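The structure appears right after this line, and notes come after that.
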Amino acid sequence: MNKKAVLNSLPFLFLFFIIQFFSGCSKIKVVNYVCVSDGLFADYFSLHETEKSETAELNFISTSDFTKLKSENPLTINKVAAVITEEKNISLEENKSDLNKEYFVLDSTPYVPSSPVNFETPGDKLNSLLEPEFSVAITKPEELPKNSRAFPVNGRYCDDENYSLTVKNCAAVTYLDSSLKNEIQAECKKVFHNELTQEKSLENKIAFVANVGDIMVARGVEDILINDDDGAEKIFGSTLKVLQNNHLTMGNLEGVVTGSTKNAIKTYTFKFKKEVLPVLKKCGFNYFMITNNHCYDFGEDGFKDTLNALKEFDIPTSGAGFNKDEAEKFYYTQINGQTFAVISCGAYPVERSGFNGEKTAVAGENKAGILWKSDSLLEKVKAESEKGNVVLVNVHGGQEYVFSPDKNQQAFYKSLIDSGASIVYGSHPHVLQPAQWYNGGLIIYSMGNFLFNGMEEMHGAQESEIVRIGFFRNKPLYFEIYPAKLNGKYVSLKQVFS
């Protein structure tokens with residue numbers, strides 16, 4: 001072939017080689033990898049089997065292993081479709097314009113502002129920010145300083161999804177191949193939103209417990225609650241919002257639920273219709289203390305009727321039963337991963353009428369009745385505390401219409417805290433008594449008359465409070481006291497909160 005012929009054939013040869021080259025390229029294999037930081041890969045992906053994508057094979061690999069990756073086939077291309085790293089964010093506000101980055105929250109650590117509080121000081125001083133000694137600490141909830149209470153931030157508690165003082169540990173996914181985003185996203189949801197992350201999230205949840213003092217719904221109150229469509233709103237007014245906003249709301253039901261007419265020989269006897277119980281339950285009450293000086297106003301039969309009525313409407317109680325064994329049992333409830341053990345007992349003095357609760361109303365082997373203060377009760381409180389339960393004790397004790405706890409009252413309530421109780425709630429004095437920090441626990445000596453018609457002539461007997469406590473990992477974190485006031489048949493907050 002002459003030179004001219006060779007030159008004329010070059011375009012055809014070039015075209016031939018181009019065709020052969022692209023023919024060979026059709027055999028090139030692209031392998032899609034998602035590079036995961038070493039720590040995340042070990043914790044989340046090492047045991048997770050990813051599903052094969054319908055459009056492309058996805059391979060989740062640690063960053064270290066990817067850097068060591070070598071392709072044995074020259075026609076194989078290892079492509080990074082996404083990168084997953086670990087990031088910590090104080091305020092996680094994803095950039096809406098960055099569509100190629102997504103965050104998956106692995107766990108979070110909230111921080112709370114707190115301040116020391118002396119519950120024995122008057123209420124107006126309690127909330128003052130102008131005290132010379134006033135100070136604020138920012139800590140993890142479990143590191144709350146002694147004798148302090150935490151505050152919400154912008155109206156949010158530390159378990160709120162939008163709580164701002166939270167350090168969030170996140171898996172940050174940067175998508176490099178938008179065509180594979182859906183497949184990668186689906187796998188990440190399976191891996192990061194698993195039982196482990198759900199358990200960690202539950203650890204940060206708050207359990208709110210509220211308690212009030214004496215509730216006596218005779219003298220026309222129950223008729224309004226039962227018969228009026230808006231009876232609950234009329235009777236409880238602005239307190240209703242607080243009562244219904246808890247996981248557990250307790251109160252002392254001062255009287256018996258019975259139709260009996262065989263009342264005891266006492267100065268006052270109180271009984272209620274059982275139809276009032278579902279209304280009270282709708283108002284938020286899901287535990288009633290009945291270990292009070294009116295539990296035997298209609299004898300043992302009336303007491304049994306009360307137990308049966310509470311059971312009928314599924315309202316728990318404790319420290320009371322058809323026999324001694326039942327009366328000694330705690331009420332247990334699980335709230336956001338925390339176990340609460342609740343017990344109530346009597347510790348009130350002999351009435352002027354001669355009624356002696358310790359001799360008359362205490363449960364026996366074959367007798368329905370209540371639990372009384374004793375060393376045995378202290379041992380049971382200790383046992384519950386050693387199990388890791390949050391122990392709450394309701395005590396009906398102290399002197400009526402006395403504004404300070406007496407020595408016997410203080411000694412017994414403190415012994416309950418020494419035995420492991422977290423909170424001791426007091427009732428019976430019919431007036432407010434101070435609260436007190438003691439040995440890591442809180443004693444509220446008397447919460448007053450929450451709903452008790454006919455107290456207009458008794459000094460201080462129309463003042464009461466709702467004590468609301470938020471527990472975090474079995475420890476009290478938030479302490480809120482809502483002052484309330486009686487006005488005949490009705491109760492309302494002294495200050496209305498929006």
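To be explicit about the labels: the chains of the structure tokens are called A, B, and onward in the order shown, and within each one the residues are counted from 1, while ligands get numbers from 1 in the order they are shown.
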| task | Would you kindly return, as a PyMOL selection string, each protein, DNA or RNA residue with an atom no farther than 10 Å from any atom of Ser115 in chain A, considering only C-alpha atoms and excluding same-chain residues fewer than 6 positions away? | result | chain A and resi 134-138+144-151
Emit the selected residues as a short mmCIF file (atom, residue, chain, number, x, y, z; two decimals), in the first residue's frame, including all heavy atoms.
```cif
data_model
loop_
_atom_site.label_atom_id
_atom_site.label_comp_id
_atom_site.auth_asym_id
_atom_site.auth_seq_id
_atom_site.Cartn_x
_atom_site.Cartn_y
_atom_site.Cartn_z
N PHE A 134 -29.00 35.92 94.47
CA PHE A 134 -29.53 35.18 93.33
C PHE A 134 -28.43 34.86 92.33
O PHE A 134 -27.61 35.70 91.98
CB PHE A 134 -30.63 35.99 92.63
CG PHE A 134 -31.26 35.27 91.47
CD1 PHE A 134 -32.25 34.33 91.68
CD2 PHE A 134 -30.85 35.52 90.17
CE1 PHE A 134 -32.83 33.65 90.63
CE2 PHE A 134 -31.42 34.85 89.11
CZ PHE A 134 -32.42 33.92 89.33
N SER A 135 -28.40 33.62 91.86
CA SER A 135 -27.42 33.20 90.87
C SER A 135 -28.03 32.11 90.00
O SER A 135 -28.96 31.43 90.41
CB SER A 135 -26.14 32.68 91.54
OG SER A 135 -26.43 31.52 92.32
N VAL A 136 -27.48 31.98 88.81
CA VAL A 136 -27.96 30.97 87.87
C VAL A 136 -26.79 30.10 87.44
O VAL A 136 -25.71 30.60 87.12
CB VAL A 136 -28.61 31.63 86.63
CG1 VAL A 136 -28.98 30.57 85.60
CG2 VAL A 136 -29.85 32.40 87.04
N ALA A 137 -27.01 28.80 87.46
CA ALA A 137 -26.01 27.85 86.97
C ALA A 137 -26.56 27.16 85.73
O ALA A 137 -27.77 26.96 85.61
CB ALA A 137 -25.68 26.82 88.04
N ILE A 138 -25.68 26.82 84.79
CA ILE A 138 -26.07 26.04 83.60
C ILE A 138 -25.37 24.70 83.69
O ILE A 138 -24.14 24.61 83.62
CB ILE A 138 -25.67 26.76 82.29
CG1 ILE A 138 -26.23 28.18 82.26
CG2 ILE A 138 -26.14 25.95 81.09
CD1 ILE A 138 -27.73 28.26 82.16
N LEU A 144 -27.59 18.88 88.67
CA LEU A 144 -28.29 19.99 89.29
C LEU A 144 -27.69 20.27 90.66
O LEU A 144 -27.56 19.36 91.49
CB LEU A 144 -29.77 19.66 89.42
CG LEU A 144 -30.68 20.77 89.94
CD1 LEU A 144 -30.93 21.81 88.84
CD2 LEU A 144 -32.01 20.19 90.43
N PRO A 145 -27.30 21.52 90.94
CA PRO A 145 -26.72 21.83 92.25
C PRO A 145 -27.69 21.51 93.39
O PRO A 145 -28.92 21.54 93.21
CB PRO A 145 -26.43 23.33 92.17
CG PRO A 145 -26.30 23.61 90.70
CD PRO A 145 -27.27 22.69 90.03
N LYS A 146 -27.15 21.25 94.55
CA LYS A 146 -27.95 20.90 95.71
C LYS A 146 -28.92 22.01 96.06
O LYS A 146 -28.59 23.20 95.97
CB LYS A 146 -27.01 20.63 96.90
CG LYS A 146 -27.72 20.16 98.16
CD LYS A 146 -26.73 19.91 99.28
CE LYS A 146 -27.44 19.45 100.56
NZ LYS A 146 -26.50 19.23 101.67
N ASN A 147 -30.13 21.62 96.45
CA ASN A 147 -31.18 22.55 96.86
C ASN A 147 -31.50 23.59 95.80
O ASN A 147 -31.77 24.75 96.09
CB ASN A 147 -30.79 23.25 98.17
CG ASN A 147 -30.68 22.29 99.33
OD1 ASN A 147 -31.01 21.11 99.21
ND2 ASN A 147 -30.20 22.77 100.46
N SER A 148 -31.45 23.16 94.54
CA SER A 148 -31.77 24.05 93.42
C SER A 148 -32.90 23.45 92.61
O SER A 148 -33.21 22.26 92.70
CB SER A 148 -30.54 24.25 92.52
OG SER A 148 -29.52 24.93 93.19
N ARG A 149 -33.51 24.30 91.80
CA ARG A 149 -34.52 23.83 90.86
C ARG A 149 -34.22 24.41 89.48
O ARG A 149 -33.69 25.52 89.35
CB ARG A 149 -35.92 24.23 91.30
CG ARG A 149 -36.16 25.73 91.38
CD ARG A 149 -37.62 26.03 91.66
NE ARG A 149 -37.85 27.45 91.81
CZ ARG A 149 -39.06 27.99 91.97
NH1 ARG A 149 -40.12 27.20 92.01
NH2 ARG A 149 -39.22 29.29 92.11
N ALA A 150 -34.53 23.64 88.46
CA ALA A 150 -34.29 24.08 87.08
C ALA A 150 -35.46 24.92 86.59
O ALA A 150 -36.57 24.85 87.13
CB ALA A 150 -34.10 22.86 86.18
N PHE A 151 -35.19 25.70 85.55
CA PHE A 151 -36.22 26.55 84.95
C PHE A 151 -36.40 26.16 83.48
O PHE A 151 -35.44 25.78 82.81
CB PHE A 151 -35.83 28.02 85.02
CG PHE A 151 -35.65 28.53 86.42
CD1 PHE A 151 -34.39 28.68 86.97
CD2 PHE A 151 -36.75 28.84 87.21
CE1 PHE A 151 -34.21 29.15 88.25
CE2 PHE A 151 -36.59 29.31 88.50
CZ PHE A 151 -35.31 29.47 89.02
#
```
| said: List as a ChimeraX atom specification the protein and nucleic acid residues near Tyr103 in chain A, meaning an atom at most 12 Å away when only C-alpha atoms are counted, but skip any in the same chain fewer than 2 places from it. | reply: /A:83-89,92-96,98-101,105-107,168-175,185,188-189,192-193
Written selection (N, CA, C and O atoms) as a compact mmCIF listing (two decimals), in the first residue's frame:
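Contents of part22.txt, as written:
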```txt
# COMPACT_ATOMS: atom_id res chain seq x y z
N VAL A 83 -21.07 10.86 52.15
CA VAL A 83 -20.14 10.82 53.27
C VAL A 83 -20.94 11.05 54.54
O VAL A 83 -21.78 11.96 54.61
N ILE A 84 -20.69 10.20 55.58
CA ILE A 84 -21.39 10.34 56.86
C ILE A 84 -20.36 10.60 57.95
O ILE A 84 -19.45 9.79 58.16
N THR A 85 -20.50 11.72 58.61
CA THR A 85 -19.61 12.08 59.71
C THR A 85 -20.42 12.36 60.96
O THR A 85 -21.64 12.48 60.92
N GLU A 86 -19.73 12.46 62.09
CA GLU A 86 -20.39 12.74 63.36
C GLU A 86 -20.17 14.21 63.71
O GLU A 86 -19.05 14.72 63.65
N GLU A 87 -21.26 14.89 64.06
CA GLU A 87 -21.18 16.30 64.41
C GLU A 87 -21.97 16.57 65.69
O GLU A 87 -22.95 15.89 65.97
N LYS A 88 -21.53 17.55 66.44
CA LYS A 88 -22.25 18.02 67.62
C LYS A 88 -22.77 19.41 67.35
O LYS A 88 -22.05 20.25 66.82
N ASN A 89 -24.04 19.63 67.68
CA ASN A 89 -24.67 20.92 67.42
C ASN A 89 -25.39 21.39 68.68
O ASN A 89 -26.11 20.62 69.32
N LEU A 92 -29.50 22.98 66.48
CA LEU A 92 -29.51 22.31 65.19
C LEU A 92 -30.59 22.92 64.30
O LEU A 92 -31.76 22.57 64.37
N GLU A 93 -30.18 23.84 63.48
CA GLU A 93 -31.10 24.42 62.51
C GLU A 93 -30.53 24.17 61.12
O GLU A 93 -29.62 24.86 60.67
N GLU A 94 -31.06 23.15 60.50
CA GLU A 94 -30.53 22.76 59.20
C GLU A 94 -30.74 23.85 58.16
O GLU A 94 -31.79 24.48 58.09
N ASN A 95 -29.70 24.11 57.40
CA ASN A 95 -29.78 25.10 56.32
C ASN A 95 -30.74 24.59 55.25
O ASN A 95 -30.48 23.61 54.58
N LYS A 96 -31.85 25.29 55.10
CA LYS A 96 -32.88 24.83 54.18
C LYS A 96 -32.40 24.83 52.73
O LYS A 96 -32.89 24.08 51.91
N ASP A 98 -29.45 23.96 51.75
CA ASP A 98 -28.51 22.87 51.53
C ASP A 98 -29.29 21.56 51.46
O ASP A 98 -29.50 20.88 52.46
N LEU A 99 -29.71 21.22 50.26
CA LEU A 99 -30.53 20.03 50.09
C LEU A 99 -29.70 18.75 50.08
O LEU A 99 -30.25 17.66 50.08
N ASN A 100 -28.39 18.91 50.05
CA ASN A 100 -27.51 17.74 49.96
C ASN A 100 -26.93 17.34 51.30
O ASN A 100 -25.99 16.54 51.35
N LYS A 101 -27.44 17.92 52.39
CA LYS A 101 -26.96 17.54 53.71
C LYS A 101 -28.15 17.30 54.64
O LYS A 101 -29.12 18.06 54.64
N VAL A 105 -30.33 12.64 64.41
CA VAL A 105 -29.93 12.80 65.81
C VAL A 105 -29.71 11.43 66.44
O VAL A 105 -30.60 10.58 66.45
N LEU A 106 -28.52 11.21 66.96
CA LEU A 106 -28.17 9.94 67.61
C LEU A 106 -28.52 9.99 69.09
O LEU A 106 -29.10 9.07 69.63
N ASP A 107 -28.13 11.03 69.74
CA ASP A 107 -28.48 11.26 71.13
C ASP A 107 -28.30 12.74 71.43
O ASP A 107 -27.70 13.46 70.63
N LYS A 168 -26.68 18.27 70.59
CA LYS A 168 -27.14 17.10 69.86
C LYS A 168 -25.99 16.43 69.14
O LYS A 168 -25.23 17.08 68.42
N ASN A 169 -25.84 15.15 69.38
CA ASN A 169 -24.84 14.35 68.66
C ASN A 169 -25.52 13.76 67.43
O ASN A 169 -26.48 13.00 67.55
N CYS A 170 -25.04 14.17 66.26
CA CYS A 170 -25.74 13.84 65.03
C CYS A 170 -24.85 13.09 64.03
O CYS A 170 -23.63 13.26 64.02
N ALA A 171 -25.50 12.30 63.21
CA ALA A 171 -24.86 11.75 62.01
C ALA A 171 -25.19 12.70 60.88
O ALA A 171 -26.36 12.88 60.52
N ALA A 172 -24.17 13.36 60.33
CA ALA A 172 -24.36 14.32 59.24
C ALA A 172 -24.08 13.62 57.91
O ALA A 172 -22.96 13.15 57.66
N VAL A 173 -25.09 13.51 57.08
CA VAL A 173 -24.98 12.82 55.80
C VAL A 173 -24.88 13.86 54.68
O VAL A 173 -25.79 14.68 54.50
N THR A 174 -23.77 13.84 53.95
CA THR A 174 -23.60 14.71 52.79
C THR A 174 -23.78 13.87 51.54
O THR A 174 -23.01 12.94 51.28
N TYR A 175 -24.81 14.18 50.77
CA TYR A 175 -25.11 13.43 49.56
C TYR A 175 -24.31 14.01 48.39
O TYR A 175 -24.43 15.19 48.06
N GLN A 185 -30.81 7.58 52.11
CA GLN A 185 -31.63 8.11 53.19
C GLN A 185 -32.43 6.99 53.87
O GLN A 185 -32.54 6.94 55.10
N CYS A 188 -30.19 4.97 56.12
CA CYS A 188 -29.79 5.74 57.30
C CYS A 188 -30.92 5.77 58.33
O CYS A 188 -30.67 5.69 59.55
N LYS A 189 -32.15 5.88 57.88
CA LYS A 189 -33.28 5.88 58.80
C LYS A 189 -33.38 4.56 59.55
O LYS A 189 -33.67 4.53 60.75
N PHE A 192 -30.12 4.57 62.06
CA PHE A 192 -30.02 5.55 63.14
C PHE A 192 -31.30 5.67 63.96
O PHE A 192 -31.25 6.06 65.12
N HIS A 193 -32.45 5.37 63.40
CA HIS A 193 -33.70 5.44 64.16
C HIS A 193 -34.07 4.04 64.63
O HIS A 193 -35.08 3.47 64.24
```
As an mmCIF file with all heavy atoms, in the first residue's frame, please: the residues near Asn336 in chain A (cut-off 10 Å, only C-alpha atoms, same-chain neighbours under 6 positions excluded).
```
data_model
loop_
_atom_site.group_PDB
_atom_site.id
_atom_site.type_symbol
_atom_site.label_atom_id
_atom_site.label_comp_id
_atom_site.auth_asym_id
_atom_site.auth_seq_id
_atom_site.Cartn_x
_atom_site.Cartn_y
_atom_site.Cartn_z
ATOM 1 N N SER A 201 -33.353 8.406 73.777
ATOM 2 C CA SER A 201 -34.292 9.520 73.781
ATOM 3 C C SER A 201 -35.206 9.451 74.993
ATOM 4 O O SER A 201 -35.511 10.472 75.615
ATOM 5 C CB SER A 201 -35.119 9.508 72.491
ATOM 6 O OG SER A 201 -36.099 10.507 72.516
ATOM 7 N N LEU A 202 -35.635 8.234 75.363
ATOM 8 C CA LEU A 202 -36.521 8.057 76.504
ATOM 9 C C LEU A 202 -35.843 8.457 77.807
ATOM 10 O O LEU A 202 -36.481 8.934 78.742
ATOM 11 C CB LEU A 202 -37.000 6.602 76.579
ATOM 12 C CG LEU A 202 -38.114 6.278 77.584
ATOM 13 C CD1 LEU A 202 -39.374 7.063 77.265
ATOM 14 C CD2 LEU A 202 -38.403 4.784 77.594
ATOM 15 N N GLU A 203 -34.509 8.277 77.877
ATOM 16 C CA GLU A 203 -33.759 8.618 79.079
ATOM 17 C C GLU A 203 -33.867 10.103 79.411
ATOM 18 O O GLU A 203 -33.697 10.499 80.566
ATOM 19 C CB GLU A 203 -32.289 8.242 78.913
ATOM 20 C CG GLU A 203 -32.025 6.740 78.939
ATOM 21 C CD GLU A 203 -30.561 6.419 78.727
ATOM 22 O OE1 GLU A 203 -29.769 7.372 78.547
ATOM 23 O OE2 GLU A 203 -30.199 5.233 78.760
ATOM 24 N N ASN A 204 -34.111 10.926 78.413
ATOM 25 C CA ASN A 204 -34.160 12.372 78.615
ATOM 26 C C ASN A 204 -35.571 12.902 78.831
ATOM 27 O O ASN A 204 -35.769 14.113 78.907
ATOM 28 C CB ASN A 204 -33.543 13.093 77.409
ATOM 29 C CG ASN A 204 -32.040 12.915 77.352
ATOM 30 O OD1 ASN A 204 -31.408 12.585 78.345
ATOM 31 N ND2 ASN A 204 -31.457 13.132 76.192
ATOM 32 N N LYS A 205 -36.560 12.031 78.943
ATOM 33 C CA LYS A 205 -37.943 12.459 79.085
ATOM 34 C C LYS A 205 -38.269 12.817 80.543
ATOM 35 O O LYS A 205 -37.805 12.171 81.481
ATOM 36 C CB LYS A 205 -38.901 11.364 78.600
ATOM 37 C CG LYS A 205 -38.911 11.173 77.090
ATOM 38 C CD LYS A 205 -39.486 12.389 76.404
ATOM 39 C CE LYS A 205 -39.593 12.193 74.905
ATOM 40 N NZ LYS A 205 -40.121 13.403 74.236
ATOM 41 N N ILE A 206 -39.079 13.852 80.704
ATOM 42 C CA ILE A 206 -39.500 14.297 82.026
ATOM 43 C C ILE A 206 -40.798 13.600 82.419
ATOM 44 O O ILE A 206 -41.691 13.397 81.595
ATOM 45 C CB ILE A 206 -39.718 15.821 82.052
ATOM 46 C CG1 ILE A 206 -38.467 16.558 81.581
ATOM 47 C CG2 ILE A 206 -40.122 16.288 83.448
ATOM 48 C CD1 ILE A 206 -37.274 16.390 82.458
ATOM 49 N N ALA A 207 -40.909 13.212 83.686
ATOM 50 C CA ALA A 207 -42.151 12.677 84.246
ATOM 51 C C ALA A 207 -42.694 13.710 85.223
ATOM 52 O O ALA A 207 -42.040 14.035 86.219
ATOM 53 C CB ALA A 207 -41.897 11.350 84.946
ATOM 54 N N PHE A 208 -43.871 14.243 84.943
ATOM 55 C CA PHE A 208 -44.452 15.282 85.786
ATOM 56 C C PHE A 208 -45.464 14.687 86.766
ATOM 57 O O PHE A 208 -46.380 13.969 86.375
ATOM 58 C CB PHE A 208 -45.120 16.364 84.938
ATOM 59 C CG PHE A 208 -44.139 17.336 84.330
ATOM 60 C CD1 PHE A 208 -43.771 17.210 83.007
ATOM 61 C CD2 PHE A 208 -43.580 18.340 85.101
ATOM 62 C CE1 PHE A 208 -42.859 18.089 82.449
ATOM 63 C CE2 PHE A 208 -42.666 19.223 84.550
ATOM 64 C CZ PHE A 208 -42.308 19.105 83.225
ATOM 65 N N HIS A 247 -48.408 13.606 84.236
ATOM 66 C CA HIS A 247 -48.517 12.156 84.057
ATOM 67 C C HIS A 247 -49.215 11.525 85.255
ATOM 68 O O HIS A 247 -49.929 10.536 85.122
ATOM 69 C CB HIS A 247 -47.122 11.549 83.884
ATOM 70 C CG HIS A 247 -46.389 12.072 82.687
ATOM 71 N ND1 HIS A 247 -45.457 13.081 82.764
ATOM 72 C CD2 HIS A 247 -46.474 11.737 81.381
ATOM 73 C CE1 HIS A 247 -44.984 13.338 81.568
ATOM 74 N NE2 HIS A 247 -45.588 12.542 80.704
ATOM 75 N N PHE A 471 -39.600 15.041 87.114
ATOM 76 C CA PHE A 471 -38.502 14.122 87.433
ATOM 77 C C PHE A 471 -37.720 13.775 86.170
ATOM 78 O O PHE A 471 -38.309 13.487 85.120
ATOM 79 C CB PHE A 471 -39.040 12.831 88.061
ATOM 80 C CG PHE A 471 -39.604 13.018 89.441
ATOM 81 C CD1 PHE A 471 -40.898 13.465 89.623
ATOM 82 C CD2 PHE A 471 -38.836 12.739 90.557
ATOM 83 C CE1 PHE A 471 -41.431 13.639 90.893
ATOM 84 C CE2 PHE A 471 -39.351 12.905 91.837
ATOM 85 C CZ PHE A 471 -40.643 13.352 92.002
ATOM 86 N N PHE A 472 -36.399 13.794 86.285
ATOM 87 C CA PHE A 472 -35.501 13.458 85.183
ATOM 88 C C PHE A 472 -34.574 12.348 85.660
ATOM 89 O O PHE A 472 -33.841 12.519 86.627
ATOM 90 C CB PHE A 472 -34.688 14.693 84.780
ATOM 91 C CG PHE A 472 -33.690 14.467 83.678
ATOM 92 C CD1 PHE A 472 -34.031 14.686 82.355
ATOM 93 C CD2 PHE A 472 -32.398 14.044 83.962
ATOM 94 C CE1 PHE A 472 -33.112 14.494 81.333
ATOM 95 C CE2 PHE A 472 -31.469 13.847 82.953
ATOM 96 C CZ PHE A 472 -31.830 14.070 81.639
ATOM 97 N N ARG A 473 -34.651 11.202 85.005
ATOM 98 C CA ARG A 473 -33.822 10.052 85.389
ATOM 99 C C ARG A 473 -33.898 9.781 86.889
ATOM 100 O O ARG A 473 -32.893 9.652 87.588
ATOM 101 C CB ARG A 473 -32.372 10.251 84.949
ATOM 102 C CG ARG A 473 -32.210 10.370 83.432
ATOM 103 C CD ARG A 473 -30.767 10.536 83.031
ATOM 104 N NE ARG A 473 -30.649 10.748 81.595
ATOM 105 C CZ ARG A 473 -29.502 11.006 80.971
ATOM 106 N NH1 ARG A 473 -28.373 11.056 81.660
ATOM 107 N NH2 ARG A 473 -29.473 11.201 79.657
#
```
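Proximity to Asn474 in chain A at 10 Å, evaluated using only C-alpha atoms and with sequence-adjacent residues fewer than 6 positions away removed, yields Glu142, Glu203, Ile206, Ala207, Gly337, Gln338, Thr339, Phe340, Gly388, Asn389, Val390, Val391 and Ser422 of chain A.
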| task | Quick one: everything within 8 Å of Leu392 in chain A, counting only C-alpha atoms, minus sequence neighbours fewer than 2 positions away in the same chain. Send it as a VMD selection string. | result | chain A and resid 340 to 343 390 394 421 to 425
